[in-house]
file coords_36.cif (mmCIF, C-alpha atoms and all ligand atoms)
data_run
loop_
_atom_site.label_atom_id
_atom_site.label_comp_id
_atom_site.auth_asym_id
_atom_site.auth_seq_id
_atom_site.Cartn_x
_atom_site.Cartn_y
_atom_site.Cartn_z
CA MET A 7 8.67 -7.49 -4.33
CA LEU A 8 7.21 -5.27 -1.64
CA ILE A 9 5.09 -6.95 1.01
CA VAL A 10 3.30 -4.20 2.90
CA SER A 11 1.44 -5.06 6.11
CA ASN A 12 -1.44 -2.72 6.81
CA TRP A 13 -2.14 -3.26 10.49
CA LYS A 14 -5.09 -0.84 10.37
CA ALA A 15 -6.47 -0.57 13.94
CA TYR A 16 -6.20 -4.33 14.50
CA VAL A 17 -3.10 -4.10 16.71
CA GLU A 18 -3.89 -2.16 19.87
CA ASP A 19 -1.53 -3.85 22.26
CA VAL A 20 2.08 -2.68 22.32
CA GLU A 21 3.47 -6.14 23.10
CA ARG A 22 1.61 -7.57 20.13
CA ALA A 23 3.07 -4.84 17.90
CA LYS A 24 6.58 -5.62 19.13
CA ALA A 25 6.08 -9.36 18.58
CA LEU A 26 4.93 -8.78 14.98
CA PHE A 27 8.00 -6.63 14.35
CA THR A 28 10.26 -9.33 15.81
CA LEU A 29 8.64 -11.87 13.49
CA ALA A 30 9.09 -9.57 10.48
CA LYS A 31 12.78 -9.10 11.36
CA ARG A 32 13.25 -12.86 11.46
CA LEU A 33 11.41 -13.38 8.17
CA SER A 34 13.32 -10.55 6.48
CA LYS A 35 16.57 -12.50 6.90
CA LYS A 36 15.23 -15.36 4.80
CA THR A 37 13.53 -13.48 1.99
CA LYS A 38 14.70 -11.29 -0.86
CA HIS A 39 11.47 -9.29 -0.66
CA GLN A 40 11.18 -5.95 1.12
CA LEU A 41 8.92 -6.27 4.15
CA VAL A 42 7.14 -3.06 5.12
CA LEU A 43 5.05 -2.64 8.27
CA ALA A 44 2.32 -0.01 8.61
CA PRO A 45 1.37 0.14 12.32
CA SER A 46 -0.84 2.71 14.02
CA ALA A 47 0.82 6.10 14.50
CA PRO A 48 1.90 5.57 18.16
CA HIS A 49 3.31 2.12 17.40
CA LEU A 50 5.03 3.51 14.30
CA GLY A 51 6.80 6.03 16.51
CA LEU A 52 7.88 3.30 18.87
CA LEU A 53 9.08 0.77 16.28
CA ALA A 54 10.42 2.88 13.42
CA PHE A 55 12.58 5.25 15.47
CA ARG A 56 16.25 4.36 14.92
CA ASN A 57 15.25 1.23 13.05
CA LYS A 58 18.39 -0.32 11.57
CA THR A 59 16.85 -3.60 10.41
CA LYS A 60 15.93 -4.78 6.90
CA VAL A 61 12.27 -4.22 7.73
CA ALA A 62 10.92 -0.86 6.54
CA PHE A 63 8.03 1.16 7.93
CA ALA A 64 5.03 2.93 6.48
CA ALA A 65 2.51 5.31 7.96
CA GLN A 66 -1.12 4.42 7.35
CA ASP A 67 -1.84 8.03 6.41
CA LEU A 68 -0.27 11.46 6.63
CA SER A 69 -1.56 14.97 7.06
CA VAL A 70 -1.99 17.54 4.33
CA THR A 71 -0.60 20.10 6.73
CA LEU A 72 3.07 20.72 7.39
CA GLY A 73 2.62 21.43 11.07
CA GLY A 74 1.34 24.26 13.19
CA ALA A 75 -2.07 24.62 14.81
CA LYS A 76 -3.56 21.35 13.50
CA THR A 77 -4.68 19.21 16.43
CA GLY A 78 -4.38 15.50 15.81
CA GLU A 79 -2.50 15.67 12.52
CA VAL A 80 0.71 13.75 11.73
CA SER A 81 2.75 15.75 9.23
CA ALA A 82 5.26 14.57 6.64
CA PRO A 83 8.22 16.19 8.47
CA THR A 84 7.22 14.28 11.63
CA LEU A 85 7.38 10.99 9.72
CA GLU A 86 10.60 12.01 7.99
CA GLY A 87 12.18 12.70 11.36
CA LEU A 88 11.38 9.15 12.45
CA GLY A 89 12.96 7.71 9.33
CA VAL A 90 9.68 6.37 7.96
CA GLY A 91 10.19 5.36 4.33
CA TYR A 92 6.64 4.93 3.06
CA THR A 93 3.10 6.09 3.64
CA LEU A 94 -0.23 4.79 2.46
CA ILE A 95 -2.36 7.50 0.90
CA GLY A 96 -5.97 7.32 -0.20
CA HIS A 97 -6.79 4.01 1.44
CA SER A 98 -10.47 3.25 0.79
CA GLU A 99 -11.14 3.35 4.54
CA ARG A 100 -9.87 6.97 4.56
CA ARG A 101 -11.64 7.87 1.34
CA GLY A 102 -14.79 6.45 2.98
CA MET A 103 -14.42 9.14 5.68
CA GLY A 104 -14.55 11.87 3.07
CA GLU A 105 -11.01 12.09 1.70
CA THR A 106 -11.14 13.44 -1.86
CA ASP A 107 -8.79 12.83 -4.80
CA GLU A 108 -7.51 16.40 -4.35
CA VAL A 109 -6.56 15.74 -0.74
CA VAL A 110 -4.88 12.46 -1.70
CA ALA A 111 -2.88 14.30 -4.38
CA GLU A 112 -1.78 16.90 -1.83
CA LYS A 113 -0.68 14.12 0.51
CA ALA A 114 1.41 12.57 -2.29
CA ARG A 115 3.18 15.91 -2.82
CA HIS A 116 3.89 16.33 0.88
CA ALA A 117 5.23 12.79 1.22
CA LEU A 118 7.53 13.08 -1.79
CA ALA A 119 8.81 16.49 -0.71
CA HIS A 120 10.01 14.80 2.47
CA GLY A 121 11.56 11.73 0.91
CA ILE A 122 8.67 9.42 1.80
CA THR A 123 7.39 7.03 -0.89
CA PRO A 124 3.62 7.27 -1.26
CA ILE A 125 1.69 4.04 -1.71
CA LEU A 126 -1.35 5.31 -3.54
CA CYS A 127 -4.37 3.08 -2.89
CA VAL A 128 -6.93 2.96 -5.67
CA GLY A 129 -9.88 0.70 -6.36
CA GLU A 130 -13.53 0.54 -7.23
CA ARG A 131 -16.42 -0.06 -4.86
CA GLU A 132 -18.00 -2.60 -7.18
CA ARG A 133 -17.60 -4.09 -10.64
CA ASP A 134 -20.19 -3.24 -13.22
CA GLU A 135 -20.92 -4.63 -16.68
CA ASN A 136 -20.10 -1.36 -18.40
CA ALA A 137 -16.61 -1.32 -16.89
CA ALA A 138 -17.18 2.05 -15.20
CA TYR A 139 -14.79 0.74 -12.53
CA LEU A 140 -11.93 1.36 -14.95
CA ALA A 141 -12.83 5.05 -15.09
CA THR A 142 -12.90 5.17 -11.27
CA VAL A 143 -9.39 3.80 -11.03
CA ARG A 144 -8.14 6.05 -13.83
CA THR A 145 -9.55 9.15 -12.13
CA GLN A 146 -7.91 8.23 -8.83
CA ILE A 147 -4.52 7.73 -10.47
CA ARG A 148 -4.75 10.80 -12.70
CA ALA A 149 -5.63 13.10 -9.79
CA VAL A 150 -2.29 12.31 -8.16
CA PHE A 151 0.01 11.98 -11.18
CA GLU A 152 -1.29 15.27 -12.57
CA VAL A 153 0.14 17.32 -9.71
CA LEU A 154 3.55 15.63 -9.62
CA SER A 155 6.77 16.28 -11.51
CA GLN A 156 8.18 13.64 -13.84
CA LYS A 157 10.74 12.64 -11.22
CA GLU A 158 8.12 12.37 -8.49
CA ARG A 159 5.82 10.23 -10.65
CA LEU A 160 8.55 7.61 -10.92
CA MET A 161 8.53 7.24 -7.14
CA VAL A 162 4.83 6.53 -6.63
CA VAL A 163 3.76 2.98 -5.77
CA VAL A 164 0.19 2.20 -6.82
CA ALA A 165 -1.74 -0.34 -4.75
CA TYR A 166 -4.80 -1.68 -6.51
CA GLU A 167 -7.37 -2.61 -3.88
CA PRO A 168 -10.87 -3.34 -5.14
CA ILE A 169 -13.04 -2.37 -2.16
CA TRP A 170 -15.36 -5.35 -2.68
CA ALA A 171 -12.41 -7.68 -2.09
CA ILE A 172 -11.14 -6.07 1.14
CA GLY A 173 -11.49 -7.88 4.46
CA LYS A 174 -12.89 -11.10 3.02
CA SER A 175 -11.14 -14.42 2.40
CA ALA A 176 -8.82 -15.71 -0.34
CA ALA A 177 -11.78 -17.31 -2.12
CA GLU A 178 -13.42 -13.90 -2.52
CA ALA A 179 -10.32 -11.99 -3.65
CA LEU A 180 -9.78 -10.94 -7.23
CA PRO A 181 -8.74 -13.96 -9.33
CA SER A 182 -5.18 -13.66 -10.64
CA SER A 183 -6.36 -13.86 -14.27
CA GLU A 184 -8.37 -10.66 -13.82
CA LEU A 185 -5.60 -9.04 -11.82
CA GLY A 186 -3.24 -9.22 -14.80
CA GLU A 187 -5.65 -7.19 -16.94
CA MET A 188 -5.99 -4.59 -14.22
CA VAL A 189 -2.24 -4.24 -13.78
CA LEU A 190 -1.88 -3.66 -17.53
CA TYR A 191 -4.62 -1.06 -17.38
CA ILE A 192 -2.98 0.72 -14.44
CA ARG A 193 0.36 0.84 -16.28
CA LYS A 194 -1.46 2.22 -19.33
CA VAL A 195 -2.89 5.05 -17.22
CA ILE A 196 0.55 5.72 -15.70
CA GLY A 197 1.82 5.77 -19.31
CA GLU A 198 -0.27 8.90 -19.90
CA PHE A 199 2.15 10.65 -17.55
CA LEU A 200 5.48 8.92 -18.04
CA PRO A 201 7.36 8.41 -21.27
CA GLY A 202 8.62 5.24 -22.95
CA LYS A 203 9.33 2.24 -20.79
CA ALA A 204 9.09 4.11 -17.48
CA PRO A 205 5.55 2.87 -16.62
CA ALA A 206 6.81 -0.72 -16.80
CA ARG A 207 9.15 0.15 -13.92
CA SER A 208 6.45 1.71 -11.74
CA LYS A 209 5.55 -0.54 -8.84
CA VAL A 210 1.99 -1.86 -8.76
CA LEU A 211 0.76 -3.81 -5.73
CA TYR A 212 -2.42 -5.78 -5.12
CA GLY A 213 -4.44 -5.68 -1.92
CA GLY A 214 -7.76 -7.17 -0.87
CA SER A 215 -7.95 -10.52 0.95
CA VAL A 216 -4.39 -11.62 0.30
CA GLU A 217 -3.93 -14.76 2.40
CA PRO A 218 -1.52 -17.73 2.46
CA GLU A 219 -3.90 -19.60 0.12
CA ASN A 220 -3.75 -17.10 -2.75
CA ILE A 221 -0.56 -15.10 -2.32
CA ARG A 222 1.54 -17.11 -4.78
CA GLU A 223 -1.15 -17.47 -7.37
CA LEU A 224 -1.86 -13.71 -7.37
CA ALA A 225 1.69 -13.01 -8.51
CA ALA A 226 1.78 -15.72 -11.16
CA GLY A 227 1.58 -13.97 -14.51
CA SER A 228 -0.20 -10.89 -13.16
CA GLY A 229 2.82 -8.58 -13.28
CA ILE A 230 2.37 -7.25 -9.74
CA ASP A 231 5.35 -6.03 -7.74
CA GLY A 232 3.98 -6.95 -4.35
CA TYR A 233 1.05 -6.92 -1.96
CA LEU A 234 -0.78 -4.74 0.51
CA VAL A 235 -2.02 -7.13 3.17
CA GLY A 236 -4.53 -6.29 5.90
CA HIS A 237 -6.09 -8.84 8.25
CA ALA A 238 -3.73 -11.70 7.37
CA SER A 239 -0.68 -9.56 8.17
CA VAL A 240 -1.54 -9.30 11.87
CA GLU A 241 -1.93 -13.04 12.41
CA PRO A 242 1.63 -14.32 13.04
CA ASP A 243 1.06 -17.76 11.49
CA MET A 244 -0.61 -16.40 8.38
CA TYR A 245 2.01 -13.68 8.00
CA ALA A 246 4.90 -16.13 8.25
CA GLN A 247 3.20 -18.51 5.81
CA MET A 248 2.65 -15.73 3.28
CA VAL A 249 6.24 -14.49 3.35
CA LYS A 250 7.56 -18.04 3.09
CA ALA A 251 5.15 -18.90 0.25
CA VAL A 252 6.62 -16.20 -2.01
CA SER A 253 10.26 -16.44 -0.89
P1 LIG A 301 -7.39 -7.13 3.77
O1 LIG A 301 -7.11 -5.56 3.72
O2 LIG A 301 -6.12 -7.84 3.44
O3 LIG A 301 -7.89 -7.39 5.13
O4 LIG A 301 -8.44 -7.39 2.70
C1 LIG A 301 -6.30 -5.00 2.75
C2 LIG A 301 -6.31 -3.49 2.89
O5 LIG A 301 -7.38 -2.90 3.14
O6 LIG A 301 -5.26 -2.84 2.77
#

call {"tool": "encode", "arguments": {"input": "coords_36.cif", "output": "structure tokens"}}
result
Amino acid sequence: MLIVSNWKAYVEDVERAKALFTLAKRLSKKTKHQLVLAPSAPHLGLLAFRNKTKVAFAAQDLSVTLGGAKTGEVSAPTLEGLGVGYTLIGHSERRGMGETDEVVAEKARHALAHGITPILCVGERERDENAAYLATVRTQIRAVFEVLSQKERLMVVVAYEPIWAIGKSAAEALPSSELGEMVLYIRKVIGEFLPGKAPARSKVLYGGSVEPENIRELAAGSGIDGYLVGHASVEPDMYAQMVKAVS
């Protein structure tokens, strides 16, 4: 499984970032799962450069530009040069600042063109009785898969993160019974773009209030391939407990 830590802007102190990386290195020796850390851009530069450990790194976002006169942007070649293996794209906190499906799709293309695996975040704002949330998730996935080649589609990791479950507690996360249905649905949508058994091999993660209390249960029978963890990934005790719980 992939256990991706989304540090968001929680970690602002460089010593704290280093300590979390040290902990991840230690935990990575005792687990078969791939640990991935997504620090802020400056900390990513510091920690990921010449990283030779089992821990992998992700950017929290990347630019749609490939460089040039674009103040403040972090381009795919910049991340590639650092050896960054993954990038989140379309996180709801970025979409909330105006990022459209078209922009997210463009980011996926840039990442893949530079050997970086995009972790495409999708998820509805709320659940409704008419199941319109399924259409929301389908639209978000389609927008990206549509612009990719067959080979590129196989590379995309989809992280299902219902917005209503983000930043809460384990008790308020999606129950694992409902998660299983959603994972099937996501693979069905991916199946519109990939032939045969390929969608079964696509990686689907869950994010939204993953904590030590629910991490094991979320995987039981749901068919997920890992987690995208926010607040609990920056608390050393919680992080260690989560990795140990699934290892
Ligand atoms: P959370 O965040 O674990 O704090 O809910 C997850 C995310 O937004 O990626």

call {"tool": "closest_atom_pairs", "arguments": {"input": "coords_36.cif", "of": "stretch 175-238 of chain A", "to": "stretch 128-134 of chain A", "cutoff": "12 Å", "atoms": "all atoms listed in the file", "output": "Markdown table"}}
result
| residue | atom | partner | partner_atom | distance |
| --- | --- | --- | --- | --- |
| A:Leu180 | CA | A:Arg133 | CA | 10.9 |
| A:Glu184 | CA | A:Arg133 | CA | 11.8 |
| A:Leu185 | CA | A:Gly129 | CA | 12.0 |
| A:Met188 | CA | A:Gly129 | CA | 10.2 |
| A:Val189 | CA | A:Gly129 | CA | 11.7 |
| A:Ile192 | CA | A:Val128 | CA | 9.9 |
| A:Val210 | CA | A:Val128 | CA | 10.6 |
| A:Leu211 | CA | A:Val128 | CA | 10.2 |
| A:Tyr212 | CA | A:Val128 | CA | 9.9 |
| A:Gly213 | CA | A:Gly129 | CA | 9.5 |
| A:Gly214 | CA | A:Gly129 | CA | 9.8 |
| A:Leu234 | CA | A:Val128 | CA | 11.6 |

call {"tool": "closest_atom_pairs", "arguments": {"input": "coords_36.cif", "of": "chain A", "to": "ligand LIG 301 (chain A)", "cutoff": "8 Å", "atoms": "only C-alpha atoms and all ligand atoms", "output": "tab-separated table"}}
result
residue	atom	partner	partner_atom	distance
A:Ser11	CA	A:LIG301	O6	7.8
A:Asn12	CA	A:LIG301	O6	5.6
A:Lys14	CA	A:LIG301	O5	7.9
A:His97	CA	A:LIG301	O5	7.1
A:Ser98	CA	A:LIG301	O5	7.3
A:Glu99	CA	A:LIG301	O5	7.4
A:Glu167	CA	A:LIG301	C2	6.9
A:Ile169	CA	A:LIG301	O5	7.8
A:Ala171	CA	A:LIG301	O4	6.2
A:Ile172	CA	A:LIG301	O4	3.4
A:Gly173	CA	A:LIG301	O4	3.6
A:Lys174	CA	A:LIG301	O4	5.8
A:Ser175	CA	A:LIG301	O4	7.5
A:Gly213	CA	A:LIG301	C1	5.1
A:Gly214	CA	A:LIG301	O4	3.6
A:Ser215	CA	A:LIG301	O4	3.6
A:Val216	CA	A:LIG301	O2	5.2
A:Glu217	CA	A:LIG301	O2	7.3
A:Leu234	CA	A:LIG301	O6	5.4
A:Val235	CA	A:LIG301	O2	4.2
A:Gly236	CA	A:LIG301	O2	3.3
A:His237	CA	A:LIG301	O3	3.9
A:Ala238	CA	A:LIG301	O2	6.0
A:Ser239	CA	A:LIG301	O2	7.4

call {"tool": "atom_distance", "arguments": {"input": "coords_36.cif", "atom1": "atom CA of A:Glu18", "atom2": "atom CA of A:Glu112"}}
result
29.0 Å

call {"tool": "closest_residue", "arguments": {"input": "coords_36.cif", "among": "A:Gln40, A:Gln66, A:Ser34, A:Ser46", "to": "A:Gly232", "atoms": "only C-alpha atoms"}}
result
A:Gln40

call {"tool": "residues_around", "arguments": {"input": "coords_36.cif", "residues": "A:Lys194", "least_positions_apart": "2", "cutoff": "12 Å", "atoms": "only C-alpha atoms", "output": "list in words"}}
result
Leu140, Val143, Arg144, Ile147, Arg148, Glu187, Met188, Val189, Leu190, Tyr191, Ile192, Ile196, Gly197, Glu198, Phe199, Leu200, Pro201, Gly202, Lys203, Ala204, Pro205, Ala206, Ser208 and Val210 of chain A

call {"tool": "atom_distance", "arguments": {"input": "coords_36.cif", "atom1": "atom CA of A:Thr84", "atom2": "atom CA of A:Leu53"}}
result
14.4 Å

call {"tool": "closest_residue", "arguments": {"input": "coords_36.cif", "among": "A:Thr123, A:Ser183, A:Thr71, A:Ser81", "to": "A:Val162", "atoms": "only C-alpha atoms"}}
result
A:Thr123
